[in-house]
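Data from model-v5.pdb: PDB, C-alpha atoms and all ligand atoms
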ATOM      1  CA  MET A 171       0.000   0.000   0.000
ATOM      2  CA  SER A 172       1.339   3.388  -0.962
ATOM      3  CA  GLN A 173       1.468   6.117   1.636
ATOM      4  CA  LEU A 174       0.432   9.756   1.602
ATOM      5  CA  ARG A 175       2.543  12.217   3.555
ATOM      6  CA  LEU A 176       1.565  15.828   4.069
ATOM      7  CA  ASN A 177       4.109  18.531   3.287
ATOM      8  CA  PRO A 178       3.252  21.029   6.037
ATOM      9  CA  LEU A 179       5.071  23.820   4.180
ATOM     10  CA  THR A 180       2.710  23.644   1.194
ATOM     11  CA  GLY A 181      -0.309  21.789   2.580
ATOM     12  CA  ARG A 182      -0.002  19.352  -0.330
ATOM     13  CA  TRP A 183       0.082  15.558  -0.195
ATOM     14  CA  VAL A 184       3.045  13.570  -1.467
ATOM     15  CA  THR A 185       2.601   9.911  -2.468
ATOM     16  CA  LEU A 186       5.274   7.409  -1.487
ATOM     17  CA  VAL A 187       5.170   4.317  -3.659
ATOM     18  CA  ALA A 188       7.513   1.528  -2.635
ATOM     19  CA  ASP A 189       9.091  -1.005  -4.993
ATOM     20  CA  ARG A 190       8.299   0.764  -8.210
ATOM     21  CA  ALA A 191      11.830   1.444  -9.398
ATOM     22  CA  LYS A 192      12.255  -1.866 -11.211
ATOM     23  CA  ARG A 193       8.810  -1.998 -12.734
ATOM     24  CA  PRO A 194       7.477  -0.615 -15.975
ATOM     25  CA  THR A 195       5.688   2.460 -14.737
ATOM     26  CA  ASP A 196       5.324   6.064 -15.758
ATOM     27  CA  PHE A 197       6.383   7.387 -12.336
ATOM     28  CA  VAL A 198      10.002   6.267 -12.121
ATOM     29  CA  PRO A 199      12.898   8.723 -12.545
ATOM     30  CA  ARG A 200      14.592   8.154 -15.883
ATOM     31  CA  LEU A 201      17.868   7.378 -14.121
ATOM     32  CA  MET A 202      16.280   4.430 -12.297
ATOM     33  CA  GLN A 203      14.275   3.190 -15.239
ATOM     34  CA  VAL A 204      15.050  -0.274 -16.520
ATOM     35  CA  GLU A 205      15.376  -0.286 -20.286
ATOM     36  CA  ALA A 206      12.518  -2.275 -21.774
ATOM     37  CA  ASP A 207      13.738  -5.736 -22.730
ATOM     38  CA  PRO A 208      13.419  -5.847 -26.538
ATOM     39  CA  ASN A 209      12.604  -9.562 -26.319
ATOM     40  CA  ARG A 210       9.769  -8.959 -23.896
ATOM     41  CA  ALA A 211       6.423  -8.451 -25.578
ATOM     42  CA  CYS A 212       4.526  -5.193 -25.064
ATOM     43  CA  PRO A 213       1.924  -5.861 -22.321
ATOM     44  CA  PHE A 214      -0.604  -3.615 -24.100
ATOM     45  CA  CYS A 215      -0.451  -5.279 -27.537
ATOM     46  CA  PRO A 216      -3.148  -7.759 -28.690
ATOM     47  CA  GLY A 217      -2.192 -11.330 -27.767
ATOM     48  CA  ASN A 218      -0.635 -10.268 -24.443
ATOM     49  CA  GLU A 219      -3.850  -9.617 -22.535
ATOM     50  CA  GLU A 220      -2.763 -11.996 -19.758
ATOM     51  CA  ALA A 221       0.042  -9.539 -18.914
ATOM     52  CA  THR A 222      -2.579  -7.187 -17.443
ATOM     53  CA  PRO A 223      -5.484  -7.827 -15.006
ATOM     54  CA  PRO A 224      -8.932  -8.449 -16.615
ATOM     55  CA  ALA A 225     -10.413  -5.408 -18.352
ATOM     56  CA  LEU A 226     -12.791  -3.076 -16.492
ATOM     57  CA  GLU A 227     -14.024  -1.763 -19.827
ATOM     58  CA  GLN A 228     -13.411  -3.147 -23.282
ATOM     59  CA  HIS A 229     -14.773  -2.246 -26.695
ATOM     60  CA  ASP A 230     -14.772  -4.858 -29.450
ATOM     61  CA  SER A 231     -15.223  -4.788 -33.189
ATOM     62  CA  GLU A 232     -15.348  -7.864 -35.425
ATOM     63  CA  GLY A 233     -14.051 -10.127 -32.666
ATOM     64  CA  LYS A 234     -11.074  -7.916 -31.766
ATOM     65  CA  TRP A 235     -10.781  -5.374 -28.997
ATOM     66  CA  THR A 236     -10.371  -1.738 -29.976
ATOM     67  CA  LEU A 237      -9.696  -0.259 -26.519
ATOM     68  CA  ARG A 238      -9.251  -1.577 -22.985
ATOM     69  CA  VAL A 239      -9.193  -0.081 -19.511
ATOM     70  CA  VAL A 240      -7.411  -2.342 -17.012
ATOM     71  CA  PRO A 241      -6.403  -1.998 -13.353
ATOM     72  CA  ASN A 242      -2.781  -0.924 -13.003
ATOM     73  CA  LEU A 243      -0.699  -3.947 -12.005
ATOM     74  CA  TYR A 244       1.339  -1.750  -9.632
ATOM     75  CA  PRO A 245      -1.175   0.815  -8.395
ATOM     76  CA  ALA A 246      -0.023   4.038  -6.752
ATOM     77  CA  PHE A 247      -3.516   4.373  -5.230
ATOM     78  CA  ASP A 248      -5.401   1.253  -4.181
ATOM     79  CA  GLY A 249      -8.220   0.164  -1.872
ATOM     80  CA  ASP A 250     -11.620   1.400  -0.765
ATOM     81  CA  GLY A 251     -10.727   2.949   2.600
ATOM     82  CA  ASN A 252     -11.702   6.535   3.259
ATOM     83  CA  LEU A 253      -8.905   9.029   3.836
ATOM     84  CA  ALA A 254      -7.865   8.398   7.469
ATOM     85  CA  VAL A 255      -5.329  11.039   8.456
ATOM     86  CA  HIS A 256      -2.889  10.156  11.239
ATOM     87  CA  ASN A 257      -0.803  12.718  13.064
ATOM     88  CA  LEU A 258       2.357  10.912  14.137
ATOM     89  CA  GLY A 259       3.879  14.003  15.726
ATOM     90  CA  PRO A 260       3.756  17.769  15.389
ATOM     91  CA  VAL A 261       4.905  17.718  11.736
ATOM     92  CA  HIS A 262       4.442  14.077  10.596
ATOM     93  CA  THR A 263       1.032  13.598   9.013
ATOM     94  CA  MET A 264       0.207  10.554   6.894
ATOM     95  CA  ALA A 265      -2.631   8.500   5.422
ATOM     96  CA  ASP A 266      -3.036   5.367   3.332
ATOM     97  CA  ALA A 267      -3.060   6.083  -0.417
ATOM     98  CA  SER A 268      -6.422   4.437  -1.054
ATOM     99  CA  GLY A 269      -8.234   4.892  -4.347
ATOM    100  CA  ILE A 270      -8.124   3.617  -7.929
ATOM    101  CA  HIS A 271      -5.354   3.407 -10.519
ATOM    102  CA  GLU A 272      -6.258   2.322 -14.041
ATOM    103  CA  VAL A 273      -4.453   2.110 -17.366
ATOM    104  CA  PHE A 274      -6.329   3.077 -20.517
ATOM    105  CA  VAL A 275      -4.948   1.230 -23.560
ATOM    106  CA  ILE A 276      -6.341   3.624 -26.147
ATOM    107  CA  THR A 277      -5.707   1.507 -29.244
ATOM    108  CA  PRO A 278      -4.508  -2.004 -30.138
ATOM    109  CA  ASP A 279      -2.007  -0.436 -32.571
ATOM    110  CA  HIS A 280       1.393  -0.134 -30.863
ATOM    111  CA  ASN A 281       2.584   2.565 -33.276
ATOM    112  CA  ALA A 282      -0.629   4.597 -33.568
ATOM    113  CA  ARG A 283      -0.753   8.305 -32.737
ATOM    114  CA  VAL A 284      -3.822   9.931 -31.164
ATOM    115  CA  GLY A 285      -3.457  12.762 -33.695
ATOM    116  CA  THR A 286      -4.498  10.394 -36.509
ATOM    117  CA  PHE A 287      -7.519   8.672 -34.892
ATOM    118  CA  THR A 288     -10.797   8.549 -36.830
ATOM    119  CA  ASP A 289     -13.937  10.295 -35.503
ATOM    120  CA  GLU A 290     -15.412   6.895 -34.632
ATOM    121  CA  VAL A 291     -12.375   5.859 -32.580
ATOM    122  CA  ILE A 292     -12.414   9.239 -30.823
ATOM    123  CA  HIS A 293     -16.106   8.807 -29.984
ATOM    124  CA  ASN A 294     -15.467   5.397 -28.428
ATOM    125  CA  VAL A 295     -12.452   6.635 -26.454
ATOM    126  CA  MET A 296     -14.442   9.520 -24.967
ATOM    127  CA  GLN A 297     -17.364   7.212 -24.101
ATOM    128  CA  ALA A 298     -15.017   4.820 -22.299
ATOM    129  CA  LEU A 299     -13.461   7.750 -20.445
ATOM    130  CA  LYS A 300     -16.908   8.992 -19.392
ATOM    131  CA  HIS A 301     -17.808   5.515 -18.084
ATOM    132  CA  ARG A 302     -14.654   5.439 -15.945
ATOM    133  CA  PHE A 303     -15.382   8.918 -14.525
ATOM    134  CA  GLU A 304     -18.960   7.816 -13.729
ATOM    135  CA  GLU A 305     -17.683   4.686 -12.010
ATOM    136  CA  HIS A 306     -15.205   6.720  -9.962
ATOM    137  CA  ALA A 307     -17.967   9.179  -8.974
ATOM    138  CA  ARG A 308     -19.955   6.209  -7.615
ATOM    139  CA  THR A 309     -16.971   5.048  -5.536
ATOM    140  CA  SER A 310     -17.412   6.462  -2.052
ATOM    141  CA  ASN A 311     -13.756   7.080  -1.148
ATOM    142  CA  VAL A 312     -12.821   8.737  -4.453
ATOM    143  CA  ARG A 313     -12.928  12.531  -4.137
ATOM    144  CA  TYR A 314     -11.292  13.454  -7.445
ATOM    145  CA  THR A 315     -10.399  11.654 -10.695
ATOM    146  CA  GLN A 316      -7.303  12.572 -12.667
ATOM    147  CA  ALA A 317      -7.021  11.330 -16.253
ATOM    148  CA  PHE A 318      -3.932  12.019 -18.344
ATOM    149  CA  ILE A 319      -1.793  10.852 -21.242
ATOM    150  CA  ASN A 320       1.997  10.956 -21.216
ATOM    151  CA  HIS A 321       3.539  10.560 -24.659
ATOM    152  CA  GLY A 322       7.277  10.080 -25.111
ATOM    153  CA  ARG A 323      10.011   9.300 -22.608
ATOM    154  CA  GLU A 324      10.800  12.963 -21.916
ATOM    155  CA  ALA A 325       7.172  13.377 -20.821
ATOM    156  CA  GLY A 326       7.357  10.368 -18.495
ATOM    157  CA  ALA A 327       5.923   7.539 -20.608
ATOM    158  CA  SER A 328       7.758   4.290 -19.869
ATOM    159  CA  LEU A 329       5.919   2.240 -22.508
ATOM    160  CA  ALA A 330       5.633   3.399 -26.116
ATOM    161  CA  HIS A 331       2.198   1.826 -26.716
ATOM    162  CA  PRO A 332      -0.378   4.698 -26.654
ATOM    163  CA  HIS A 333      -1.984   4.663 -23.223
ATOM    164  CA  GLY A 334      -3.400   6.959 -20.615
ATOM    165  CA  GLN A 335      -3.952   6.624 -16.898
ATOM    166  CA  ILE A 336      -6.962   7.307 -14.717
ATOM    167  CA  LEU A 337      -6.429   7.788 -10.987
ATOM    168  CA  GLY A 338      -9.170   8.075  -8.394
ATOM    169  CA  LEU A 339      -7.766   9.984  -5.410
ATOM    170  CA  PRO A 340      -9.113  10.021  -1.824
ATOM    171  CA  PHE A 341      -8.506  13.802  -1.630
ATOM    172  CA  VAL A 342      -8.788  16.868  -3.885
ATOM    173  CA  PRO A 343      -5.245  17.729  -5.042
ATOM    174  CA  GLY A 344      -3.738  21.182  -4.532
ATOM    175  CA  GLU A 345      -3.788  22.135  -8.194
ATOM    176  CA  ILE A 346      -7.551  21.554  -8.393
ATOM    177  CA  LEU A 347      -8.186  23.296  -5.063
ATOM    178  CA  GLU A 348      -6.452  26.364  -6.514
ATOM    179  CA  GLU A 349      -8.578  26.256  -9.674
ATOM    180  CA  GLU A 350     -11.765  25.818  -7.590
ATOM    181  CA  ARG A 351     -10.807  28.913  -5.561
ATOM    182  CA  ALA A 352     -10.112  30.856  -8.760
ATOM    183  CA  PHE A 353     -13.598  30.081 -10.123
ATOM    184  CA  GLU A 354     -15.085  31.193  -6.788
ATOM    185  CA  ARG A 355     -13.048  34.417  -6.739
ATOM    186  CA  PHE A 356     -13.865  35.452 -10.291
ATOM    187  CA  LYS A 357     -16.583  38.063 -10.402
ATOM    188  CA  GLY A 358     -18.671  38.264 -13.539
ATOM    189  CA  GLY A 359     -19.549  34.695 -14.476
ATOM    190  CA  CYS A 360     -17.195  31.899 -15.424
ATOM    191  CA  ILE A 361     -13.457  32.370 -16.031
ATOM    192  CA  LEU A 362     -13.371  30.051 -19.035
ATOM    193  CA  CYS A 363     -16.638  31.212 -20.655
ATOM    194  CA  THR A 364     -15.280  34.762 -20.308
ATOM    195  CA  THR A 365     -11.923  33.618 -21.724
ATOM    196  CA  ILE A 366     -13.665  32.279 -24.839
ATOM    197  CA  GLU A 367     -15.486  35.598 -25.358
ATOM    198  CA  ALA A 368     -12.373  37.719 -24.751
ATOM    199  CA  GLU A 369     -10.109  35.603 -26.974
ATOM    200  CA  ARG A 370     -12.627  35.772 -29.832
ATOM    201  CA  VAL A 371     -12.444  39.561 -29.690
ATOM    202  CA  ASP A 372      -8.640  39.585 -29.555
ATOM    203  CA  ASN A 373      -8.296  36.677 -32.016
ATOM    204  CA  LYS A 374      -4.507  36.408 -31.614
ATOM    205  CA  ARG A 375      -4.301  33.144 -29.725
ATOM    206  CA  VAL A 376      -7.286  31.095 -30.991
ATOM    207  CA  ILE A 377      -6.442  27.791 -32.721
ATOM    208  CA  ILE A 378      -9.856  26.085 -32.994
ATOM    209  CA  ASP A 379     -13.310  27.629 -32.509
ATOM    210  CA  ASN A 380     -16.057  25.228 -33.593
ATOM    211  CA  GLU A 381     -19.463  24.039 -32.377
ATOM    212  CA  HIS A 382     -18.191  22.121 -29.352
ATOM    213  CA  ALA A 383     -14.580  23.074 -28.698
ATOM    214  CA  PHE A 384     -12.463  26.174 -28.199
ATOM    215  CA  VAL A 385      -8.683  25.683 -28.342
ATOM    216  CA  LEU A 386      -6.202  28.458 -27.625
ATOM    217  CA  CYS A 387      -2.659  29.264 -26.620
ATOM    218  CA  PRO A 388      -3.528  30.779 -23.239
ATOM    219  CA  TYR A 389      -2.618  34.441 -22.661
ATOM    220  CA  TRP A 390      -0.794  33.238 -19.518
ATOM    221  CA  SER A 391       0.991  30.275 -21.180
ATOM    222  CA  GLY A 392       3.746  29.068 -18.850
ATOM    223  CA  GLY A 393       5.549  27.070 -21.539
ATOM    224  CA  PRO A 394       6.113  27.113 -25.310
ATOM    225  CA  TYR A 395       3.120  25.992 -27.444
ATOM    226  CA  GLU A 396       0.974  25.190 -24.408
ATOM    227  CA  LEU A 397      -2.681  24.640 -25.378
ATOM    228  CA  LEU A 398      -5.926  24.865 -23.445
ATOM    229  CA  ILE A 399      -8.955  22.947 -24.743
ATOM    230  CA  ILE A 400     -12.335  24.195 -23.456
ATOM    231  CA  PRO A 401     -15.835  22.805 -24.111
ATOM    232  CA  GLN A 402     -18.038  25.562 -25.560
ATOM    233  CA  SER A 403     -20.833  24.480 -23.227
ATOM    234  CA  HIS A 404     -20.406  25.450 -19.590
ATOM    235  CA  ASP A 405     -20.193  21.997 -17.995
ATOM    236  CA  VAL A 406     -18.862  21.655 -14.440
ATOM    237  CA  HIS A 407     -17.948  17.952 -14.607
ATOM    238  CA  LEU A 408     -16.751  16.020 -17.659
ATOM    239  CA  THR A 409     -19.683  13.671 -16.989
ATOM    240  CA  ASP A 410     -22.135  16.607 -17.287
ATOM    241  CA  SER A 411     -21.316  17.009 -20.982
ATOM    242  CA  THR A 412     -23.500  15.485 -23.688
ATOM    243  CA  ASP A 413     -22.084  12.723 -25.865
ATOM    244  CA  ALA A 414     -21.908  15.219 -28.742
ATOM    245  CA  VAL A 415     -19.788  17.609 -26.657
ATOM    246  CA  LEU A 416     -17.510  14.775 -25.500
ATOM    247  CA  THR A 417     -16.945  13.610 -29.072
ATOM    248  CA  GLY A 418     -16.395  17.233 -30.129
ATOM    249  CA  ILE A 419     -13.751  17.683 -27.415
ATOM    250  CA  GLY A 420     -12.159  14.362 -28.364
ATOM    251  CA  THR A 421     -11.804  15.444 -31.983
ATOM    252  CA  ALA A 422     -10.388  18.798 -30.795
ATOM    253  CA  ILE A 423      -7.752  16.888 -28.785
ATOM    254  CA  ARG A 424      -6.909  14.864 -31.883
ATOM    255  CA  ASP A 425      -6.748  17.962 -34.082
ATOM    256  CA  SER A 426      -4.643  19.847 -31.513
ATOM    257  CA  LEU A 427      -2.136  16.978 -31.451
ATOM    258  CA  ALA A 428      -2.083  16.892 -35.274
ATOM    259  CA  ILE A 429      -1.429  20.666 -35.362
ATOM    260  CA  MET A 430       1.320  20.262 -32.771
ATOM    261  CA  TYR A 431       2.829  17.412 -34.799
ATOM    262  CA  ALA A 432       2.810  19.570 -37.959
ATOM    263  CA  THR A 433       4.699  22.311 -36.080
ATOM    264  CA  LEU A 434       7.026  20.448 -33.721
ATOM    265  CA  GLY A 435       7.182  16.878 -35.060
ATOM    266  CA  ASP A 436       6.637  13.870 -32.791
ATOM    267  CA  VAL A 437       7.173  15.883 -29.624
ATOM    268  CA  ALA A 438       6.696  14.378 -26.153
ATOM    269  CA  TYR A 439       3.691  15.785 -24.322
ATOM    270  CA  ASN A 440       1.461  15.625 -21.253
ATOM    271  CA  LEU A 441      -2.292  15.901 -21.768
ATOM    272  CA  VAL A 442      -4.266  16.465 -18.578
ATOM    273  CA  PHE A 443      -8.018  16.542 -17.879
ATOM    274  CA  HIS A 444      -9.217  18.951 -15.174
ATOM    275  CA  THR A 445     -12.784  18.421 -14.026
ATOM    276  CA  ALA A 446     -14.596  19.408 -10.847
ATOM    277  CA  PRO A 447     -14.286  16.986  -7.911
ATOM    278  CA  SER A 448     -17.207  14.553  -7.532
ATOM    279  CA  HIS A 449     -18.831  16.406  -4.622
ATOM    280  CA  HIS A 450     -17.960  19.879  -5.867
ATOM    281  CA  SER A 451     -20.483  22.630  -5.254
ATOM    282  CA  GLY A 452     -19.903  25.993  -6.847
ATOM    283  CA  ASN A 453     -18.545  27.056 -10.171
ATOM    284  CA  PHE A 454     -16.127  25.185 -12.433
ATOM    285  CA  HIS A 455     -15.754  24.518 -16.160
ATOM    286  CA  TRP A 456     -13.916  21.336 -17.086
ATOM    287  CA  HIS A 457     -11.035  21.628 -19.527
ATOM    288  CA  ILE A 458      -7.848  20.050 -20.817
ATOM    289  CA  HIS A 459      -4.248  21.261 -20.624
ATOM    290  CA  LEU A 460      -1.860  20.115 -23.345
ATOM    291  CA  TRP A 461       1.810  20.689 -22.595
ATOM    292  CA  PRO A 462       4.435  19.740 -25.158
ATOM    293  CA  LYS A 463       7.516  18.694 -23.205
ATOM    294  CA  LEU A 464      10.125  21.128 -24.501
ATOM    295  CA  THR A 465      11.618  22.486 -21.287
ATOM    296  CA  THR A 466      12.591  21.274 -17.826
ATOM    297  CA  ALA A 467      11.540  23.036 -14.643
ATOM    298  CA  ALA A 468      14.760  24.111 -12.923
ATOM    299  CA  GLY A 469      15.827  26.074  -9.860
ATOM    300  CA  PHE A 470      13.873  29.236 -10.464
ATOM    301  CA  GLU A 471      10.636  27.477 -11.435
ATOM    302  CA  ARG A 472      10.886  24.933  -8.594
ATOM    303  CA  GLY A 473      11.901  27.582  -6.104
ATOM    304  CA  THR A 474       9.219  30.105  -6.928
ATOM    305  CA  GLY A 475       6.472  28.324  -8.848
ATOM    306  CA  VAL A 476       6.941  31.106 -11.405
ATOM    307  CA  LEU A 477       7.236  29.751 -14.932
ATOM    308  CA  ILE A 478       9.415  31.348 -17.593
ATOM    309  CA  ASN A 479       8.212  31.036 -21.183
ATOM    310  CA  ILE A 480      10.370  32.225 -24.084
ATOM    311  CA  VAL A 481       7.702  31.728 -26.796
ATOM    312  CA  PRO A 482       4.862  34.270 -26.454
ATOM    313  CA  PRO A 483       1.491  32.556 -26.977
ATOM    314  CA  GLU A 484       0.678  34.970 -29.834
ATOM    315  CA  ASP A 485       3.771  33.748 -31.729
ATOM    316  CA  ALA A 486       3.016  30.119 -30.809
ATOM    317  CA  ALA A 487      -0.546  30.451 -32.142
ATOM    318  CA  PHE A 488       0.690  32.027 -35.385
ATOM    319  CA  GLU A 489       3.261  29.250 -35.907
ATOM    320  CA  LEU A 490       0.813  26.441 -35.055
ATOM    321  CA  LYS A 491      -1.810  27.769 -37.466
ATOM    322  CA  SER A 492       0.717  28.423 -40.241
ATOM    323  CA  ALA A 493       2.237  24.941 -39.989
ATOM    324  CA  ALA A 494      -1.192  23.306 -40.002
ATOM    325  CA  GLY A 495      -2.417  25.530 -42.857
ATOM    326  CA  ILE A 496      -5.336  27.060 -40.890
TER     327      ILE A 496
HETATM  328 ZN    ZN B   1       2.153  -2.483 -27.747
HETATM  329 ZN    ZN B   2     -17.942  28.350 -18.200
HETATM  330 ZN    ZN B   3      -6.808  23.323 -15.249
END
Hey, can you dump this file as structure tokens for me?
Amino acid sequence: MSQLRLNPLTGRWVTLVADRAKRPTDFVPRLMQVEADPNRACPFCPGNEEATPPALEQHDSEGKWTLRVVPNLYPAFDGDGNLAVHNLGPVHTMADASGIHEVFVITPDHNARVGTFTDEVIHNVMQALKHRFEEHARTSNVRYTQAFINHGREAGASLAHPHGQILGLPFVPGEILEEERAFERFKGGCILCTTIEAERVDNKRVIIDNEHAFVLCPYWSGGPYELLIIPQSHDVHLTDSTDAVLTGIGTAIRDSLAIMYATLGDVAYNLVFHTAPSHHSGNFHWHIHLWPKLTTAAGFERGTGVLINIVPPEDAAFELKSAAGI
């Protein structure tokens, strides 16, 4: 069982996961990572299903699976206990890291890229994702669900086969608490609905503006070519969105990755879903951050939390649109 420890300086939880260094996982420092044995089959490829626990969700077509969600063999969060916080002394606070840790094998094709998926594949992927979020929301000890994709070693992916991860956490993480507070603080409606309106007027950072999705290089981009993907409809939770909106956002993710590929090549990236916690009351607007992995946070960024970005989002937007011919 992994352990949560509270950093009293920041008020944020840290997760200690034992015994992961020698295992294929996306959380191991590159220095400690064991090179994948070229003779060992990819655990996510068809024919190797016994390498993972039985699927929690699987879609099939013509007798073959097209996507699978499986429990992580080495979960960072596991078990159905509620968050029980123990104070072991004036500054030592811990809890069991209960929760859920799943792997989403997005495609049977080892060499596929999300940026080339068909609309039908995208629809199925988003439906499967919605089902997992609904399941997590029904799980009493899960307070928040984090879904993400790491692509490329520099972005933390240990296995090349396209996959994402879905973690159900027994607490609301600091990053989401900050966003919840920001939505509460903002006077005059919703931050992201207002962002869409303001960016349309400015029209210097907009990449995609269609029926369901709005994609932009945020005014406050902390890194080069960072993208923010926003549903046009004001939905608090991902699971509040209609199937049409979910498919529309899925195709916007695909198109954003294709535009990024046209500009930067097969760049490593992190794609992160931010949705309101299950029991959230108040304002929120779910969204997706897409960060190409082009820089490394160093002393200044780690020391201050202040990001330094050398590519203004206006230039990034111009380059992305030019390279993609839009
Ligand atoms: Zn594979
Ligand atoms: Zn909104
Ligand atoms: Zn966010």
Protein and nucleic residues near ligand ZN 3 (chain B), 7 Å, all atoms listed in the file, as a ChimeraX atom specification = /A:349,444,457-459
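Among the candidates A:Leu329, A:Val239, A:Ala317, A:Ala307, the residue lying nearest to ligand ZN 1 (chain B) is A:Leu329 (atoms considered: all atoms listed in the file).
Taken over the whole file, the PyMOL selection byres (((not hetatm)) within 9 of (chain B and resi 1)) covers exactly Ala211, Cys212, Pro213, Phe214, Cys215, Pro216, Asn218, Thr277, Pro278, Asp279, His280, Asn281, Leu329, Ala330, His331 and Pro332 of chain A.
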To one decimal place, how far is CA of Thr465 (chain A) from CA of Glu369 (chain A) in Å?
->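 Atom-to-atom, CA of Thr465 (chain A) to CA of Glu369 (chain A), that is 26.0 Å.
In terms of minimum interatomic distance to ligand ZN 2 (chain B), A:His404 ranks closest within A:His262, A:Arg351, A:Arg238, A:His404, counting only C-alpha atoms and all ligand atoms.
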Per-residue nearest contacts chain A to ligand ZN 2 (chain B), cut-off 8 Å, using only C-alpha atoms and all ligand atoms, as a tab-separated table:
residue	atom	partner	partner_atom	distance
A:Gly359	CA	B:ZN2	ZN	7.5
A:Cys360	CA	B:ZN2	ZN	4.6
A:Ile361	CA	B:ZN2	ZN	6.4
A:Leu362	CA	B:ZN2	ZN	4.9
A:Cys363	CA	B:ZN2	ZN	4.0
A:Thr364	CA	B:ZN2	ZN	7.3
A:Gln402	CA	B:ZN2	ZN	7.9
A:Ser403	CA	B:ZN2	ZN	7.0
A:His404	CA	B:ZN2	ZN	4.1
A:Asp405	CA	B:ZN2	ZN	6.7
A:Val406	CA	B:ZN2	ZN	7.7
A:Phe454	CA	B:ZN2	ZN	6.8
A:His455	CA	B:ZN2	ZN	4.9
Chain and number of each residue from the PyMOL selection byres (((chain A and resi 322) around 9) and not hetatm), as an MDAnalysis selection string = chainID A and resid 320:321 323:330 436:440 463
Mind dumping the selected residues with C-alpha atoms as an mmCIF file, in the coordinates of the input?
data_model
loop_
_atom_site.group_PDB
_atom_site.id
_atom_site.type_symbol
_atom_site.label_atom_id
_atom_site.label_comp_id
_atom_site.auth_asym_id
_atom_site.auth_seq_id
_atom_site.Cartn_x
_atom_site.Cartn_y
_atom_site.Cartn_z
ATOM 1 C CA ASN A 320 1.997 10.956 -21.216
ATOM 2 C CA HIS A 321 3.539 10.560 -24.659
ATOM 3 C CA ARG A 323 10.011 9.300 -22.608
ATOM 4 C CA GLU A 324 10.800 12.963 -21.916
ATOM 5 C CA ALA A 325 7.172 13.377 -20.821
ATOM 6 C CA GLY A 326 7.357 10.368 -18.495
ATOM 7 C CA ALA A 327 5.923 7.539 -20.608
ATOM 8 C CA SER A 328 7.758 4.290 -19.869
ATOM 9 C CA LEU A 329 5.919 2.240 -22.508
ATOM 10 C CA ALA A 330 5.633 3.399 -26.116
ATOM 11 C CA ASP A 436 6.637 13.870 -32.791
ATOM 12 C CA VAL A 437 7.173 15.883 -29.624
ATOM 13 C CA ALA A 438 6.696 14.378 -26.153
ATOM 14 C CA TYR A 439 3.691 15.785 -24.322
ATOM 15 C CA ASN A 440 1.461 15.625 -21.253
ATOM 16 C CA LYS A 463 7.516 18.694 -23.205
#
Long-range neighbours of region 393-400 of chain A as a ChimeraX atom specification, 6 Å cut-off, all atoms listed in the file, 6 positions minimum in chain = /A:383-387,457-461,479,481,486
Quick one: which residues end up in the PyMOL selection byres (((chain A and resi 315) around 7) and not hetatm) for this structure, as a PyMOL selection string?
-> chain A and resi 303+306+314+316-317+336-339
